[in-house]
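Novice: Below is the file my_file-v6.cif, which contains mmCIF, C-alpha atoms.
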data_protein
#
loop_
_atom_site.label_atom_id
_atom_site.label_comp_id
_atom_site.auth_asym_id
_atom_site.auth_seq_id
_atom_site.Cartn_x
_atom_site.Cartn_y
_atom_site.Cartn_z
CA MET A 24 0.00 0.00 0.00
CA LYS A 25 2.77 2.34 1.03
CA ALA A 26 4.65 1.44 -2.11
CA THR A 27 1.66 2.29 -4.31
CA ILE A 28 1.28 5.67 -2.62
CA ALA A 29 4.98 6.37 -3.06
CA ILE A 30 4.88 5.49 -6.78
CA THR A 31 1.77 7.60 -7.35
CA ALA A 32 3.34 10.51 -5.51
CA SER A 33 6.51 10.20 -7.59
CA LEU A 34 4.51 10.16 -10.82
CA VAL A 35 2.47 13.21 -9.82
CA ALA A 36 5.65 15.02 -8.83
CA ALA A 37 7.31 14.09 -12.11
CA LEU A 38 4.28 15.28 -14.07
CA ALA A 39 4.13 18.50 -12.11
CA LEU A 40 7.79 19.15 -12.69
CA SER A 41 7.55 18.44 -16.38
CA SER A 42 4.61 20.84 -16.75
CA CYS A 43 6.49 23.54 -14.86
CA GLY A 44 9.63 23.33 -16.96
CA PRO A 45 10.48 25.82 -19.66
CA PRO A 46 9.10 25.09 -23.12
CA PRO A 47 11.44 23.23 -25.43
CA TYR A 48 11.50 25.99 -28.05
CA THR A 49 14.82 27.38 -29.19
CA MET A 50 15.61 30.54 -31.12
CA THR A 51 18.60 32.78 -31.60
CA SER A 52 17.81 35.82 -29.48
CA PRO A 53 17.11 38.93 -31.52
CA GLU A 54 19.68 41.61 -30.61
CA SER A 55 17.31 44.11 -29.06
CA PHE A 56 15.35 41.52 -27.09
CA LYS A 57 15.97 40.11 -23.64
CA ARG A 58 14.60 36.75 -22.62
CA PHE A 59 12.78 36.14 -19.36
CA GLU A 60 15.13 33.34 -18.40
CA GLU A 61 13.31 32.26 -15.28
CA ALA A 62 9.84 32.41 -16.71
CA ARG A 63 7.84 29.28 -17.42
CA GLU A 64 6.94 30.68 -20.81
CA PHE A 65 9.14 31.36 -23.77
CA LYS A 66 9.06 35.14 -23.83
CA TYR A 67 11.20 38.12 -24.76
CA ILE A 68 10.92 41.88 -24.48
CA THR A 69 12.77 44.95 -25.82
CA ALA A 70 13.75 47.98 -23.78
CA ASP A 71 10.87 49.96 -25.25
CA GLY A 72 8.28 47.26 -24.72
CA VAL A 73 7.93 45.16 -27.85
CA MET A 74 6.91 41.74 -26.55
CA LEU A 75 7.35 38.26 -27.95
CA LYS A 76 5.86 35.08 -26.63
CA ALA A 77 5.48 31.56 -28.00
CA ARG A 78 2.75 29.10 -27.13
CA GLU A 79 1.08 26.09 -28.60
CA VAL A 80 -2.46 25.06 -29.36
CA GLU A 81 -4.03 21.90 -30.65
CA ASN A 82 -3.98 21.38 -34.39
CA TYR A 83 -7.65 20.45 -34.47
CA PRO A 84 -9.16 19.81 -36.87
CA GLU A 85 -5.84 18.79 -38.26
CA ALA A 86 -4.96 21.12 -41.09
CA SER A 87 -2.04 22.55 -43.01
CA LEU A 88 -0.07 25.72 -42.41
CA GLU A 89 -1.79 27.40 -45.37
CA PHE A 90 -5.21 26.52 -43.99
CA TRP A 91 -4.51 27.95 -40.55
CA THR A 92 -2.79 31.02 -41.90
CA ALA A 93 -5.79 31.79 -44.11
CA ALA A 94 -8.23 31.08 -41.26
CA MET A 95 -6.33 33.39 -38.93
CA GLU A 96 -6.18 36.19 -41.50
CA LYS A 97 -9.89 35.96 -42.18
CA HIS A 98 -10.81 35.82 -38.51
CA LEU A 99 -8.69 38.77 -37.46
CA GLU A 100 -9.71 40.83 -40.49
CA SER A 101 -13.34 40.29 -39.60
CA GLN A 102 -12.58 41.83 -36.21
CA GLY A 103 -11.07 44.97 -37.71
CA TYR A 104 -7.40 44.02 -37.82
CA VAL A 105 -5.65 45.09 -41.01
CA ILE A 106 -3.08 42.84 -42.64
CA LYS A 107 0.18 44.71 -42.91
CA SER A 108 2.24 41.91 -44.41
CA ARG A 109 2.32 38.17 -44.87
CA GLU A 110 5.46 36.14 -45.35
CA CYS A 111 5.93 32.40 -45.43
CA PHE A 112 9.45 31.13 -44.96
CA GLU A 113 11.57 28.12 -44.14
CA THR A 114 13.63 27.98 -40.99
CA THR A 115 17.28 27.01 -40.94
CA ARG A 116 16.08 23.51 -39.97
CA LYS A 117 13.78 23.37 -42.99
CA ARG A 118 10.59 23.87 -41.02
CA GLU A 119 7.88 25.88 -42.76
CA GLY A 120 6.40 28.87 -41.02
CA CYS A 121 4.18 31.82 -41.92
CA THR A 122 4.23 35.27 -40.37
CA VAL A 123 1.28 37.61 -40.69
CA ASP A 124 1.58 41.11 -39.29
CA PHE A 125 -1.67 42.80 -38.35
CA MET A 126 -2.27 46.45 -37.57
CA LEU A 127 -4.85 47.65 -35.12
CA PRO A 128 -5.70 50.74 -33.13
CA HIS A 129 -4.78 50.45 -29.49
CA GLY A 130 -5.39 53.49 -27.33
CA ALA A 131 -4.05 56.47 -29.20
CA GLU A 132 -1.52 54.42 -31.13
CA ASP A 133 -1.39 52.01 -34.02
CA TRP A 134 -0.11 48.64 -32.85
CA VAL A 135 1.21 45.61 -34.63
CA LEU A 136 0.26 42.09 -33.66
CA SER A 137 2.54 39.67 -35.47
CA GLU A 138 1.57 36.00 -35.54
CA THR A 139 3.97 33.32 -36.76
CA LEU A 140 2.59 29.82 -37.19
CA PHE A 141 4.38 26.49 -37.30
CA VAL A 142 2.52 23.22 -37.72
CA VAL A 143 4.15 20.35 -35.84
CA ASP A 144 2.00 17.25 -36.32
CA ASP A 145 -1.02 17.66 -34.04
CA THR A 146 0.28 20.88 -32.54
CA LEU A 147 0.28 24.45 -33.73
CA VAL A 148 3.08 26.60 -32.39
CA LEU A 149 2.37 30.32 -32.33
CA VAL A 150 5.09 32.92 -31.93
CA GLU A 151 3.30 36.16 -31.13
CA THR A 152 4.87 39.60 -31.09
CA ALA A 153 3.17 42.87 -30.27
CA GLY A 154 4.17 46.48 -29.92
CA PRO A 155 3.42 50.01 -31.11
CA TYR A 156 3.96 50.32 -34.85
CA ASP A 157 6.90 52.72 -34.71
CA ARG A 158 8.76 50.65 -32.13
CA TYR A 159 7.93 47.38 -33.82
CA SER A 160 9.27 48.70 -37.15
CA THR A 161 12.72 49.22 -35.66
CA VAL A 162 13.04 45.55 -34.62
CA GLU A 163 11.09 43.97 -37.47
CA GLU A 164 14.13 42.86 -39.46
CA GLU A 165 16.04 41.30 -36.58
CA LEU A 166 12.86 39.57 -35.51
CA LYS A 167 12.45 38.08 -38.97
CA LYS A 168 15.99 36.72 -38.88
CA ALA A 169 15.49 35.30 -35.40
CA LEU A 170 12.27 33.53 -36.42
CA GLU A 171 14.18 31.75 -39.13
CA THR A 172 16.13 30.04 -36.37
CA PHE A 173 13.06 29.09 -34.33
CA GLU A 174 12.70 25.41 -33.56
CA PRO A 175 9.74 24.01 -31.59
CA ASN A 176 11.64 20.84 -30.55
CA LEU A 177 8.39 19.06 -29.82
CA MET B 11 7.62 104.33 -102.40
CA THR B 12 6.27 104.74 -98.88
CA MET B 13 3.60 102.25 -99.79
CA SER B 14 6.13 99.67 -100.90
CA ILE B 15 8.21 100.09 -97.79
CA ARG B 16 5.08 99.69 -95.75
CA LYS B 17 4.14 96.48 -97.53
CA ILE B 18 7.57 95.08 -96.98
CA TRP B 19 7.46 95.98 -93.33
CA ILE B 20 4.11 94.27 -92.85
CA SER B 21 5.40 91.17 -94.55
CA GLY B 22 8.47 91.27 -92.31
CA ALA B 23 6.34 91.70 -89.22
CA LEU B 24 4.13 88.80 -90.23
CA VAL B 25 7.14 86.61 -90.80
CA ALA B 26 8.35 87.47 -87.34
CA LEU B 27 4.92 86.73 -85.93
CA GLY B 28 4.71 83.55 -87.93
CA LEU B 29 8.05 82.32 -86.68
CA SER B 30 7.73 83.16 -83.06
CA TRP B 31 3.97 83.18 -82.70
CA ALA B 32 4.47 85.86 -80.15
CA VAL B 33 1.28 87.75 -79.60
CA ALA B 34 2.68 91.17 -80.37
CA PRO B 35 0.66 93.87 -82.08
CA VAL B 36 1.93 95.13 -85.38
CA SER B 37 3.62 98.40 -84.73
CA PRO B 38 2.15 101.35 -86.57
CA ALA B 39 5.44 103.18 -86.50
CA TRP B 40 5.83 103.75 -90.21
CA SER B 41 9.10 105.53 -89.77
CA ALA B 42 10.53 102.56 -88.05
CA PRO B 43 11.11 100.13 -90.93
CA LYS B 44 14.77 99.37 -91.23
CA LYS B 45 14.51 97.55 -94.53
CA LYS B 46 17.25 98.15 -96.97
CA PRO B 47 16.14 100.30 -99.92
CA ALA B 48 17.08 97.47 -102.21
CA ALA B 49 14.27 95.44 -100.71
CA VAL B 50 11.71 97.88 -102.07
CA GLY B 51 12.07 96.62 -105.57
CA GLU B 52 12.10 93.06 -104.39
CA ALA B 53 8.94 93.35 -102.38
CA LYS B 54 6.83 91.27 -104.75
CA ASN B 55 9.63 88.96 -105.75
CA PRO B 56 11.27 85.99 -104.07
CA GLU B 57 11.38 87.26 -100.51
CA PRO B 58 7.65 87.04 -99.65
CA GLU B 59 7.47 83.54 -101.12
CA GLU B 60 10.50 82.49 -99.23
CA THR B 61 9.26 83.95 -95.98
CA GLU B 62 5.86 82.38 -96.46
CA ALA B 63 7.50 79.03 -96.92
CA THR B 64 9.56 79.60 -93.81
CA THR B 65 6.43 80.55 -91.88
CA GLU B 66 4.66 77.45 -93.03
CA ALA B 67 7.63 75.29 -92.10
CA ALA B 68 7.69 76.87 -88.67
CA GLU B 69 3.97 76.29 -88.30
CA LYS B 70 4.38 72.67 -89.31
CA ARG B 71 7.18 72.20 -86.82
CA GLU B 72 5.05 73.84 -84.19
CA GLU B 73 2.15 71.55 -84.94
CA GLN B 74 4.25 68.44 -85.01
CA SER B 75 6.13 69.19 -81.84
CA PRO B 76 3.54 68.18 -79.24
CA PRO B 77 3.86 64.42 -79.01
CA GLY B 78 0.89 62.21 -78.49
CA PRO B 79 -1.12 59.60 -80.26
CA ARG B 80 -1.98 61.80 -83.22
CA ASP B 81 -2.91 58.85 -85.42
CA GLY B 82 -5.50 57.46 -83.06
CA ARG B 83 -7.89 58.82 -80.49
CA MET B 84 -6.69 61.61 -78.26
CA THR B 85 -7.77 60.83 -74.73
CA GLY B 86 -7.38 62.71 -71.50
CA LEU B 87 -7.01 60.43 -68.46
CA ILE B 88 -7.41 61.44 -64.85
CA SER B 89 -7.26 58.87 -62.09
CA ARG B 90 -8.06 59.58 -58.47
CA MET B 91 -7.30 57.26 -55.60
CA VAL B 92 -7.73 57.38 -51.85
CA LEU B 93 -5.33 55.13 -49.99
CA LYS B 94 -5.26 54.15 -46.35
CA VAL B 95 -1.61 53.95 -45.51
CA ILE B 96 0.44 53.37 -42.41
CA ASN B 97 3.10 55.88 -43.26
CA PRO B 98 2.10 58.56 -45.81
CA GLU B 99 5.67 59.80 -46.15
CA ASP B 100 6.96 56.37 -47.18
CA ALA B 101 4.08 55.88 -49.58
CA ARG B 102 4.65 59.32 -51.10
CA THR B 103 8.36 58.67 -51.59
CA ALA B 104 7.71 55.25 -53.10
CA LEU B 105 5.15 56.65 -55.53
CA THR B 106 7.38 59.54 -56.56
CA GLU B 107 10.24 57.16 -57.28
CA LYS B 108 8.02 54.83 -59.26
CA ALA B 109 6.51 57.72 -61.25
CA LYS B 110 10.00 58.91 -62.17
CA GLU B 111 11.00 55.41 -63.15
CA LEU B 112 7.99 55.24 -65.49
CA GLY B 113 8.77 58.59 -67.10
CA GLY B 114 6.41 60.71 -65.04
CA PHE B 115 6.89 63.56 -62.60
CA PRO B 116 5.12 64.99 -59.57
CA ILE B 117 3.22 68.24 -59.99
CA LEU B 118 1.83 68.70 -56.50
CA VAL B 119 3.06 67.19 -53.26
CA THR B 120 1.45 67.84 -49.89
CA ASP B 121 1.57 66.10 -46.51
CA ASP B 122 -1.36 63.87 -47.30
CA SER B 123 -1.51 63.75 -51.08
CA ILE B 124 0.49 63.56 -54.24
CA GLU B 125 -0.43 64.48 -57.78
CA PHE B 126 1.67 63.53 -60.74
CA LYS B 127 1.68 63.20 -64.50
CA ILE B 128 2.64 59.98 -66.15
CA PRO B 129 2.66 58.60 -69.71
CA PRO B 130 -0.81 57.08 -70.32
CA GLU B 131 0.65 53.68 -71.16
CA SER B 132 2.12 53.48 -67.64
CA LEU B 133 -1.10 54.41 -65.87
CA SER B 134 -2.17 50.87 -64.99
CA VAL B 135 1.32 50.08 -63.70
CA ILE B 136 1.41 53.06 -61.35
CA LEU B 137 -2.16 52.43 -60.15
CA ALA B 138 -1.32 48.82 -59.32
CA TYR B 139 1.84 49.97 -57.55
CA ALA B 140 -0.09 52.59 -55.59
CA ALA B 141 -2.61 49.96 -54.51
CA GLU B 142 0.24 47.92 -53.04
CA GLN B 143 1.18 50.80 -50.77
CA GLY B 144 -1.96 50.55 -48.66
CA LEU B 145 -5.65 49.84 -48.72
CA VAL B 146 -7.57 51.34 -51.62
CA VAL B 147 -10.60 53.13 -50.23
CA GLU B 148 -11.70 54.87 -53.41
CA LYS B 149 -10.59 54.65 -57.00
CA SER B 150 -11.89 56.40 -60.08
CA LEU B 151 -10.79 56.82 -63.65
CA GLU B 152 -12.01 59.69 -65.79
CA ARG B 153 -11.53 59.35 -69.52
CA GLU B 154 -12.26 62.26 -71.82
CA ASP B 155 -12.19 61.94 -75.60
CA LEU B 156 -10.36 64.99 -76.90
CA THR B 157 -10.23 63.91 -80.55
CA GLN B 158 -13.17 65.98 -81.72
CA GLU B 159 -12.11 69.12 -79.91
CA ILE B 160 -8.57 68.81 -81.23
CA ALA B 161 -9.82 68.19 -84.76
CA GLN B 162 -12.07 71.27 -84.57
CA LEU B 163 -9.23 73.45 -83.35
CA GLU B 164 -6.89 72.12 -86.01
CA GLY B 165 -9.56 72.87 -88.60
CA GLN B 166 -9.94 76.40 -87.27
CA LEU B 167 -6.21 76.88 -87.37
CA LYS B 168 -5.97 75.68 -90.93
CA SER B 169 -8.75 77.96 -92.16
CA LYS B 170 -7.26 80.96 -90.36
CA ARG B 171 -3.93 80.19 -91.92
CA ASP B 172 -5.55 80.08 -95.37
CA ILE B 173 -7.25 83.43 -94.77
CA LEU B 174 -3.95 84.91 -93.66
CA ARG B 175 -2.31 83.69 -96.83
CA LYS B 176 -5.04 85.23 -98.97
CA LEU B 177 -4.86 88.51 -97.11
CA ARG B 178 -1.19 88.77 -97.94
CA SER B 179 -1.99 88.68 -101.61
CA PHE B 180 -4.38 91.63 -101.27
CA PHE B 181 -1.54 94.00 -100.46
CA ASP B 182 -0.49 94.29 -104.05
CA ASP B 183 -3.59 96.08 -105.26
CA SER B 184 -4.65 97.95 -102.17
CA ASN B 185 -4.45 101.62 -101.27
CA VAL B 186 -3.37 103.03 -97.91
CA GLN B 187 -6.79 102.72 -96.27
CA ALA B 188 -7.26 99.17 -97.44
CA THR B 189 -3.76 98.23 -96.38
CA LEU B 190 -4.49 99.55 -92.91
CA ARG B 191 -7.64 97.50 -92.71
CA ILE B 192 -5.83 94.40 -94.00
CA GLU B 193 -3.11 94.97 -91.48
CA GLN B 194 -5.63 95.16 -88.64
CA THR B 195 -7.43 92.06 -89.86
CA MET B 196 -4.17 90.18 -90.09
CA THR B 197 -3.16 91.23 -86.58
CA ASP B 198 -6.51 90.03 -85.24
CA LEU B 199 -6.14 86.82 -87.17
CA VAL B 200 -2.68 86.16 -85.79
CA ASN B 201 -4.02 86.75 -82.29
CA GLU B 202 -6.84 84.31 -82.90
CA MET B 203 -4.40 81.77 -84.27
CA GLU B 204 -2.27 82.16 -81.17
CA ASN B 205 -5.31 81.54 -79.04
CA VAL B 206 -6.23 78.40 -80.98
CA LYS B 207 -2.65 77.17 -80.84
CA GLY B 208 -2.60 77.70 -77.09
CA ARG B 209 -5.77 75.64 -76.65
CA LEU B 210 -4.32 72.95 -78.92
CA ARG B 211 -1.18 72.82 -76.84
CA VAL B 212 -3.22 72.38 -73.65
CA LEU B 213 -5.27 69.57 -75.19
CA ASN B 214 -2.21 67.87 -76.61
CA GLU B 215 -0.59 68.07 -73.21
CA ARG B 216 -3.67 66.52 -71.62
CA SER B 217 -3.59 63.64 -74.07
CA ARG B 218 0.14 63.21 -73.68
CA TRP B 219 0.08 62.78 -69.91
CA ALA B 220 -2.29 60.94 -67.64
CA ARG B 221 -2.86 62.68 -64.33
CA VAL B 222 -2.93 60.69 -61.11
CA ASP B 223 -4.15 62.14 -57.81
CA VAL B 224 -3.46 60.04 -54.75
CA SER B 225 -4.77 61.07 -51.33
CA PHE B 226 -3.41 59.31 -48.32
CA GLN B 227 -5.84 58.63 -45.56
CA PHE B 228 -4.49 57.71 -42.20
CA LYS B 229 -5.85 54.55 -40.72
CA GLN B 230 -9.15 55.18 -39.08
CA ARG B 231 -9.06 54.36 -35.42
CA ASP B 232 -12.02 52.02 -35.60
CA ARG B 233 -12.83 49.81 -32.68
CA ILE B 234 -11.95 46.17 -32.77
CA ILE B 235 -15.09 44.07 -32.65
CA TYR B 236 -14.69 40.60 -31.23
CA VAL B 237 -16.10 37.91 -33.44
CA ASN B 238 -16.32 34.30 -32.40
CA SER B 239 -14.51 31.76 -34.53
CA PRO B 240 -15.55 28.11 -34.94
CA PHE B 241 -11.87 27.30 -34.47
CA GLU B 242 -11.38 27.50 -30.74
CA TRP B 243 -7.74 28.52 -30.67
CA LEU B 244 -8.42 31.47 -33.00
CA ASN B 245 -10.59 33.00 -30.30
CA THR B 246 -7.45 33.27 -28.21
CA VAL B 247 -5.56 35.27 -30.83
CA ASN B 248 -5.99 38.93 -30.01
CA LEU B 249 -3.94 41.76 -28.63
CA ASP B 250 -5.81 42.18 -25.36
CA ARG B 251 -5.34 38.53 -24.39
CA PHE B 252 -1.69 38.70 -25.41
CA LEU B 253 -1.03 41.75 -23.25
CA GLU B 254 -2.98 40.29 -20.34
CA GLU B 255 -1.11 37.02 -20.39
CA PHE B 256 2.33 38.38 -21.08
#
What is this structure when it is put down as C-alpha cells?

Specialist:
Amino acid sequence: MKATIAITASLVAALALSSCGPPPYTMTSPESFKRFEEAREFKYITADGVMLKAREVENYPEASLEFWTAAMEKHLESQGYVIKSRECFETTRKREGCTVDFMLPHGAEDWVLSETLFVVDDTLVLVETAGPYDRYSTVEEELKKALETFEPNL
Amino acid sequence: MTMSIRKIWISGALVALGLSWAVAPVSPAWSAPKKKPAAVGEAKNPEPEETEATTEAAEKREEQSPPGPRDGRMTGLISRMVLKVINPEDARTALTEKAKELGGFPILVTDDSIEFKIPPESLSVILAYAAEQGLVVEKSLEREDLTQEIAQLEGQLKSKRDILRKLRSFFDDSNVQATLRIEQTMTDLVNEMENVKGRLRVLNERSRWARVDVSFQFKQRDRIIYVNSPFEWLNTVNLDRFLEEF
C-alpha cells in the first residue's frame, strides 16, 4: 500500500515538474530583445516594450499551415485588424512557417500584432509579437531573422 | 515708295509673328522700318514667297512638336485614388520614385496627397503599384475623348492660316486705307491663331500625360469588434489577451 502511494506521488511530482519546466523551443535571441530566463513561458521583451511570446495550441481539426494562416487572416480581419504583411518562410532547420503582421488601433496608437505559425503534427506553435507600430518597425528585421532560427523541438 | 516700304514691313512683321507666334501687335510706326532700300524693288519677288514658306515650315514644326497619339484617339485620363496607408511619407516617396522610373513627374506634393503626371501607357502600372502601398478606399478613372475638340481646333487653325495667306496677296492692289484694314485684320487673325494654338497645346498636353491624384488617408481608429470563430484557438488570438497574459 505504502509502495503504491509512493509510486503515485513520484509520478504526480514528475508530471508536475515536467509541466512547470520551460518550453522546449529554441531561437537565436534577436539583438534588441531580452529573454525572461526564469519564466515558465518562452518570452522576450525589448527595452521599449515590444513583446514576444510563443505558445502552442491543438492542431484540431488537423490542417495545413496554409489553412490555418488563411483562417487566422480571415478571422482577425473580420474583427477589424488590417493585414500589414504576410510572409511564409523556411527555418534554418527546414521547417515551414508563416508570419502575418496585423495592424490595429490600441489606445491612441497604431499597434502591430505579429503571428507566426508552425505546424508540428497535431500541434500548432504560435510565436506572437506585439508592440506600437513605430517601435515594432525598428526591430522587425532582426525579428524576422530570429524567427528563421526558431525550432519548436516538440 | 512709302507704300512699298510699308508692304515690306508688314510682310516682315508677319514673318516674325509667324516664326515666333508671339502675340505682339503690329507696330504702326511707319518711320521705323529698317529695310534696306534694295528690298523695295524686291517686295513682290522671291522674298515674300521664301518667308511664307519659312512661316509654313515653322507652323508645321510647331504643330508636329507636341507628341501624343496623333494617329488614333486623343484621350485625356485622370485617375483619383484614396489610400489608407500606415506611413504617408513612405508611400509618397515610393510613388514619386516609381513615377519617375515610369517617365512621369510629380506636380503637386502635400503632406497627405500627391499628384503627378505619367505617360498614359504606364497608368495601370502606377495604379497597381499605388494599390500595393496601402488599402484602396476609393478609386476612379475619368476618360475624356479629346479627338473631336482637337480636330475642330486644327480645322480652325488651318482655315485661319488660309485666310492669312489670302490677305497677304491683297496687299499688291490695295491703297493706304485698305492696307491699314488688312493689317488690322491680319493682326486680329494672328491673335486668334495664337489663341487656338494655345488651346491645342493644352489639349495635346492633356492627351500626352495621364494625371494621377493620390490622397493618403491615415488609418481610421475604428474599434476592434470581437467575433467568435468556430476554431477554438483562433478565439485566443488577439492583442488584449496577449497583453494580459504576457

Novice: Using all atoms listed in the file, find the one residue out of B:Thr157, B:Asn185, B:Thr103, B:Asn97 that sits nearest to chain A.

Specialist: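 The shortest atom-to-atom distance to chain A comes from B:Asn97.
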
Novice: Here's the selection I'm unsure about, the PyMOL selection byres ((chain A) within 9 of (chain B)); applied to the file above, which residues does it give, as an MDAnalysis selection string?

Specialist: chainID A and resid 64 66 74:76 80:84 94:95 98:99 101:104 107 126:136 138 151:153 156

Novice: For a test of reading the model, state the distance in Å between CA of Glu119 (chain A) and CA of Asn176 (chain A), rounded to one decimal.

Specialist: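 Atom-to-atom, CA of Glu119 (chain A) and CA of Asn176 (chain A) are spaced 13.7 Å apart.
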
Novice: Check what the PyMOL selection byres ((chain B and resi 202-212) around 7) selects in the file above and give those residues as an MDAnalysis selection string.

Specialist: chainID B and resid 31 33 160 163 167 170 198:201 213:216

Novice: Which is closest to Val148 (chain A) among A:Glu54, A:Glu79, A:Glu165, A:Asp124, if we use all atoms listed in the file?

Specialist: A:Glu79
